[in-house]
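In what follows, a single structure is set out as structure tokens and then discussed.
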Amino acid sequence: MAAKVGALERGGMDYLVSLPRKWVTVYLPLAVFLFVLLFPFYWMAVTSFKTNEELYDYKTYTPFWPVHATLANFHKLLFETDYPQWLWNTVLVSVVATFLSLFASVLAAYAIERLRFSGARYVGVSIFLAYLVPPSILFIPLAVMSFELGIFNSLWALILTYPTFLIPFCTWLLMGYFKSIPYELEECALIDGANRFQILWKIVLPLAVPGLISAGIFAFTLSWNEFIYALTFISDSESKTVSVGTITELVEGDVYHWGSLMAGALVGSLPVAILYSFFVEHYVSSMTGAVKE
Amino acid sequence: MAVESRSFAPTLPLAYGGLERLMQSRNLLGFLFLLPAAVLLLLFLTYPLGLGIWLGLTNATLGESGKFIGIGNYLSLARDDVFWLSVYNTLLYTVVASTVKFGLGLWLALLLNEHIPFKAFVRAIVLLPFIVPTVLSAVAFWWIYDSQFSIISWALVRMGLITHYIDFLGQPNAARASVIAANVWRGVPFVAISLLAGLQTIAPSLYEAATLDGATPWQRFRYVTLPLLTPIIAVVMTFSVLFTFTDFQLIYTLTRGGPINATHLMATLSFQRAITGGRLGEGAAIAVAMIPFLLAAILFSYFGLQRRRWQHGGRD
């Protein structure tokens with residue numbers, strides 16, 4: 001109760017709104033929103049701990065929590081399928097693609113924002129336009145290309161294509177961060193005899209660390225979530241990523257193993273969810289930053 | 001430009017060596033710095049975009065590179081009922097899902113902008129549906145929408161609201177509504193959190209002034225919040241429309257375009273024809289056919305909303 005009074009005191013014009021009224025107009029709708037947004041995750045988690053007989057029998061067992069919780073679904077996932085391999089592939093592809101994109105984006109953003117070479121504005125605009133090209137219209141020609149380059153079915157096909165949507169985003173975000181660093185710092189360094197690489201490495205980058213983390217976290221989750229390229233370019237089970245493996249390999253013909261499917265979805269979601277929980281502010285600032293710029 | 005005048009044109013004494021002077025040349029350095037990004041983007045974005053347009057003009061298949069057949073693919077698509085159904089589905093999906101996402105997203109943003117306990121925590125968990133891979137949350141929806149073991153049907157039957165289980169993904173219109181609902185579920189957090197960032201930039205003094213002038217809550221929203229928020233709404237909705245129009249993952253996981261092509265979007269049809277069916281040329285033509293719609297959607301949501309911005313006397 002004390003917390004609520006405190007919140008009301010800090011609430012500006014909130015004293016104009018009575019508490020019962022606020023329950024109806026704010027807390028109740030918010031509770032409904034939270035319930036709907038979180039229920040699928042709860043359902044995913046609950047289902048993955050259920051035994052098969054519980055899954056298909058709502059009369060004897062309550063559907064809302066596992067009565068005889070079991071780890072059998074996870075055991076099957078980890079020891080009878082290629083799931084650990086898919087997880088590793090996803091980590092590998094996401095990490096390498098993220099660092100590759102960050103490297104290219106830092107240089108590009110610095111060049112566009114600070115070197116001001118002739119035509120920098122147009123390059124900036126075309127980078128933004130590149131961000132608007134959706135993977136759904138590129139996957140067919142890219143599949144043909146990866147076949148001709150001999151990287152079809154290899155993780156390289158993903159590592160090299162993910163930067164196409166990561167670089168535009170990261171460059172755009174980092175341009176905003178570089179803009180906020182005062183010119184005077186660079187001018188001082190120039191006068192002291194530093195060259196451009198030294199300025200970038202020793203002055204600009206340390207100041208842009210929050211931006212680098214934001215871009216990195218966002219790029220990592222985008223790579224982790226990518227689906228259409230991973231589905232099209234990879235057909236061997238041992239090279240698949242988590243998303244693709246889960247929905248193509250865990251379904252045998254018409255038999256859906258719902259328990260292990262849900263366990264797969266849960267385990268595949270956890271890494272990004274945990275990473276996100278550590279960097280919520282960075283993540284939000286990169287998402288809204290890209291929109292506001 | 002103000003920024004231009006601040007950038008420093010290096011005027012170095014001639015005593016400096018050739019290499020060092022080269023390293024000070026802004027154009028050469030700019031070129032070198034841009035090289036990694038430019039190579040990756042030209043090779044894997046610009047070139048495939050052109051290759052896609054070319055493939056759409058050939059009868060290439062998965063095995064053969066095919067021959068140039070002009071607009072043959074487009075002529076056969078124009079007579080293809082399934083293609084037109086997918087165009088209709090895509091437009092319906094985009095319009096309905098984007099509208100609902102905007103309405104609910106704005107509402108959620110306004111709720112989160114109130115003074116509530118555990119604000120940061122609530123805001124953090126609201127974004128979860130957007131973080132988790134779409135395919136994996138779609139798997140959860142797949143089970144929620146199951147025709148025999150759906151928890152929604154079970155709950156509604158227990159409450160006595162319906163007598164038979166709903167066949168969520170088996171009937172054309174029910175399937176359309178179901179995939180749209182799943183898309184909205186994933187998209188609302190993105191819209192809400194982005195708009196919330198915009199709401200937080202509006203100065204509280206404006207609301208105080210409006211209240212003193214006797215404005216009702218609705219008037220405060222209509223004449224203070226909305227005009228100031230419009231620029232951000234324009235950008236957020238442009239992205240939202242773009243992602244919805246080109247959606248693939250959700251449909252592929254939930255329905256694969258069925259029942260009887262009722263939920264086929266252009267992206268999923270393109271995948272089905274090109275990769276599953278092996279007719280690369282035809283699939284590429286469907287993908288290319290998305291481009292004009294995409295441009296129109298971007299221009300519409302961007303300029304359509306932007307015009308309102310200067311109507312309300314905002315800055316350009």
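Identifiers for the structure tokens are assigned positionally: chains receive A, B, ... in sequence, residues are indexed from 1 per chain, and ligands are indexed from 1 in the order shown.
Near chain B, the residues of chain A that fall inside 6 Å (using only C-alpha atoms) are Gly11, Val26, Pro40, Met44, Ala104, Leu107, Ala108, Ala111, Leu115, Phe117, Ser136, Ile137, Pro141, Leu142, Thr164, Asn225, Ala265, Ser269 and Thr288 of chain A.
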Can I get the selected residues back with N, CA and C atoms, as a short mmCIF file (atom, residue, chain, number, x, y, z; two decimals), in the first residue's frame?
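This is the output file out-v9.cif:
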data_model
loop_
_atom_site.label_atom_id
_atom_site.label_comp_id
_atom_site.auth_asym_id
_atom_site.auth_seq_id
_atom_site.Cartn_x
_atom_site.Cartn_y
_atom_site.Cartn_z
N GLY A 11 2.99 10.88 -9.01
CA GLY A 11 2.24 10.74 -10.25
C GLY A 11 1.73 12.00 -10.88
N VAL A 26 -6.91 1.28 -15.74
CA VAL A 26 -5.50 0.95 -15.97
C VAL A 26 -5.17 -0.48 -15.57
N PRO A 40 0.80 -17.98 -23.70
CA PRO A 40 1.43 -18.98 -24.56
C PRO A 40 2.75 -19.52 -23.99
N MET A 44 3.42 -23.30 -23.06
CA MET A 44 4.58 -23.97 -23.61
C MET A 44 5.32 -24.72 -22.51
N ALA A 104 31.71 -4.54 -39.72
CA ALA A 104 31.43 -3.79 -40.95
C ALA A 104 30.63 -2.53 -40.64
N LEU A 107 32.69 0.50 -38.99
CA LEU A 107 33.48 1.23 -40.00
C LEU A 107 32.56 2.05 -40.89
N ALA A 108 31.47 1.46 -41.35
CA ALA A 108 30.58 2.16 -42.27
C ALA A 108 29.93 3.35 -41.57
N ALA A 111 32.38 6.13 -41.12
CA ALA A 111 32.68 6.79 -42.39
C ALA A 111 31.54 7.73 -42.78
N LEU A 115 33.50 10.86 -41.38
CA LEU A 115 34.48 11.18 -42.42
C LEU A 115 33.89 12.15 -43.43
N PHE A 117 32.81 11.93 -46.41
CA PHE A 117 33.33 11.87 -47.78
C PHE A 117 32.22 12.29 -48.73
N SER A 136 12.00 -12.19 -47.52
CA SER A 136 11.06 -13.01 -48.30
C SER A 136 11.22 -12.84 -49.80
N ILE A 137 11.80 -11.70 -50.26
CA ILE A 137 11.97 -11.59 -51.71
C ILE A 137 13.41 -11.90 -52.13
N PRO A 141 16.72 -16.09 -55.05
CA PRO A 141 18.02 -15.86 -55.68
C PRO A 141 19.19 -16.22 -54.78
N LEU A 142 19.07 -15.99 -53.46
CA LEU A 142 20.17 -16.35 -52.57
C LEU A 142 20.38 -17.85 -52.52
N THR A 164 23.13 -9.20 -44.31
CA THR A 164 22.36 -8.34 -45.20
C THR A 164 21.23 -7.64 -44.46
N ASN A 225 16.41 -15.47 -34.39
CA ASN A 225 15.02 -15.61 -34.83
C ASN A 225 14.88 -15.91 -36.31
N ALA A 265 10.68 -25.84 -28.21
CA ALA A 265 10.37 -24.41 -28.32
C ALA A 265 10.85 -23.67 -27.07
N SER A 269 13.89 -20.93 -26.89
CA SER A 269 13.55 -19.54 -26.56
C SER A 269 14.38 -19.01 -25.39
N THR A 288 13.82 1.22 -30.00
CA THR A 288 13.17 2.51 -30.16
C THR A 288 14.10 3.50 -30.85
#
- [ ] Can you check which residues of stretch 146-250 of chain B DSSP gives as alpha helix (DSSP H) on the backbone and send them as a ChimeraX atom specification?
- [x] /B:151-159,172-199,204-212,217-220,226-245,249-250
Okay, now the selection with C-alpha atoms, as a compact mmCIF listing (two decimals), in the first residue's frame?
# COMPACT_ATOMS: atom_id res chain seq x y z
CA ILE B 151 -7.18 -25.04 -24.25
CA ILE B 152 -9.32 -22.20 -25.59
CA SER B 153 -12.07 -24.54 -26.78
CA TRP B 154 -11.81 -26.50 -23.54
CA ALA B 155 -12.18 -23.37 -21.42
CA LEU B 156 -15.08 -22.04 -23.51
CA VAL B 157 -16.91 -25.38 -23.33
CA ARG B 158 -16.39 -25.52 -19.58
CA MET B 159 -17.78 -22.00 -19.28
CA PRO B 172 -10.79 -21.08 -44.02
CA ASN B 173 -12.12 -18.08 -42.13
CA ALA B 174 -11.35 -19.46 -38.68
CA ALA B 175 -7.81 -20.20 -39.87
CA ARG B 176 -7.42 -16.65 -41.20
CA ALA B 177 -8.62 -15.19 -37.91
CA SER B 178 -6.35 -17.53 -35.95
CA VAL B 179 -3.16 -16.67 -37.84
CA ILE B 180 -4.00 -12.97 -37.65
CA ALA B 181 -4.52 -13.28 -33.88
CA ALA B 182 -1.12 -14.98 -33.53
CA ASN B 183 0.51 -12.25 -35.64
CA VAL B 184 -1.14 -9.54 -33.54
CA TRP B 185 0.04 -11.26 -30.37
CA ARG B 186 3.62 -11.07 -31.57
CA GLY B 187 3.41 -7.55 -33.02
CA VAL B 188 1.60 -5.63 -30.26
CA PRO B 189 4.65 -5.46 -27.92
CA PHE B 190 6.81 -3.93 -30.66
CA VAL B 191 4.22 -1.25 -31.45
CA ALA B 192 3.51 -0.60 -27.76
CA ILE B 193 7.11 -0.24 -26.61
CA SER B 194 8.05 1.95 -29.59
CA LEU B 195 5.04 4.23 -29.05
CA LEU B 196 5.76 4.30 -25.32
CA ALA B 197 9.20 5.74 -26.13
CA GLY B 198 7.38 8.44 -28.11
CA LEU B 199 4.87 9.09 -25.31
CA PRO B 204 3.81 16.72 -18.84
CA SER B 205 3.34 20.54 -18.79
CA LEU B 206 1.32 20.25 -22.00
CA TYR B 207 -1.18 17.96 -20.26
CA GLU B 208 -1.27 20.25 -17.23
CA ALA B 209 -1.97 23.27 -19.44
CA ALA B 210 -4.71 21.38 -21.31
CA THR B 211 -6.28 20.26 -18.01
CA LEU B 212 -6.30 23.82 -16.70
CA PRO B 217 -9.16 13.06 -20.92
CA TRP B 218 -10.37 12.28 -24.44
CA GLN B 219 -9.58 15.82 -25.63
CA ARG B 220 -6.14 15.61 -24.02
CA LEU B 226 -2.03 12.11 -30.93
CA PRO B 227 -0.59 15.04 -32.91
CA LEU B 228 2.73 14.85 -31.06
CA LEU B 229 2.89 11.11 -31.52
CA THR B 230 2.05 11.04 -35.24
CA PRO B 231 5.63 11.13 -36.59
CA ILE B 232 6.57 8.08 -34.52
CA ILE B 233 3.31 6.34 -35.39
CA ALA B 234 4.20 6.82 -39.07
CA VAL B 235 7.58 5.12 -38.72
CA VAL B 236 6.40 2.34 -36.40
CA MET B 237 3.45 1.48 -38.62
CA THR B 238 5.60 1.54 -41.75
CA PHE B 239 7.82 -1.11 -40.20
CA SER B 240 4.85 -3.02 -38.86
CA VAL B 241 3.15 -3.11 -42.27
CA LEU B 242 6.40 -4.14 -43.92
CA PHE B 243 6.97 -7.05 -41.53
CA THR B 244 3.35 -8.18 -41.71
CA PHE B 245 3.17 -8.05 -45.49
CA GLN B 249 7.37 -17.91 -40.48
CA LEU B 250 4.02 -17.83 -38.74
Open item on the list: Give me the residues near A:Ile199 as a ChimeraX atom specification, where near means some atom within 9 Å (using only C-alpha atoms) and where sequence neighbours in that chain fewer than 6 positions away do not count.
Closed with: /A:186,189-190,205
Task: Which residue of A:Leu166, A:Ile112, A:Ile274, A:Met287 approaches A:Leu100 most closely, using only C-alpha atoms - done: A:Leu166
TODO: Find the residues around stretch 78-92 of chain A up to 6 Å (only C-alpha atoms counted), leave out those fewer than 3 positions away in its own chain, and share them as a PyMOL selection string.
DONE: chain A and resi 75+95+240-242
Put those residues in a file: N, CA and C atoms, as an mmCIF file, in the first residue's frame.
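So part.cif came out as:
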data_model
loop_
_atom_site.group_PDB
_atom_site.id
_atom_site.type_symbol
_atom_site.label_atom_id
_atom_site.label_comp_id
_atom_site.auth_asym_id
_atom_site.auth_seq_id
_atom_site.Cartn_x
_atom_site.Cartn_y
_atom_site.Cartn_z
ATOM 1 N N HIS A 75 14.554 -35.186 -22.081
ATOM 2 C CA HIS A 75 15.506 -36.268 -22.270
ATOM 3 C C HIS A 75 15.510 -36.727 -23.726
ATOM 4 N N VAL A 95 26.503 -15.737 -33.349
ATOM 5 C CA VAL A 95 27.661 -15.008 -32.818
ATOM 6 C C VAL A 95 28.548 -14.518 -33.965
ATOM 7 N N LYS A 240 21.111 -27.872 -39.272
ATOM 8 C CA LYS A 240 19.957 -26.987 -39.085
ATOM 9 C C LYS A 240 20.093 -26.102 -37.856
ATOM 10 N N THR A 241 19.284 -25.026 -37.831
ATOM 11 C CA THR A 241 19.233 -24.185 -36.642
ATOM 12 C C THR A 241 18.044 -24.626 -35.782
ATOM 13 N N VAL A 242 17.945 -24.062 -34.578
ATOM 14 C CA VAL A 242 16.931 -24.512 -33.623
ATOM 15 C C VAL A 242 15.515 -24.394 -34.198
#
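The coordinates place atom CA of A:Ala120 at 23.9 Å from atom CA of A:Pro134.
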TODO: Write out as number ranges by chain which residues come within 12 Å of A:Trp201 when counting only C-alpha atoms, dropping same-chain ones fewer than 6 positions away.
DONE: A: 103, 106-107, 110, 186, 189, 194-195, 207-209
Task: Å distance separating atom CA of A:Leu270 from atom CA of A:Ser243, one decimal place - done: 12.6 Å
- [ ] Might you pull out every residue within 9 Å of A:Leu261, with only C-alpha atoms counted and same-chain residues fewer than 2 positions away left off, and present them as JSON, numbers by chain?
- [x] {"A": [48, 73, 77, 246, 247, 250, 251, 256, 257, 258, 259, 263, 264, 265, 266], "B": [136, 139, 140]}
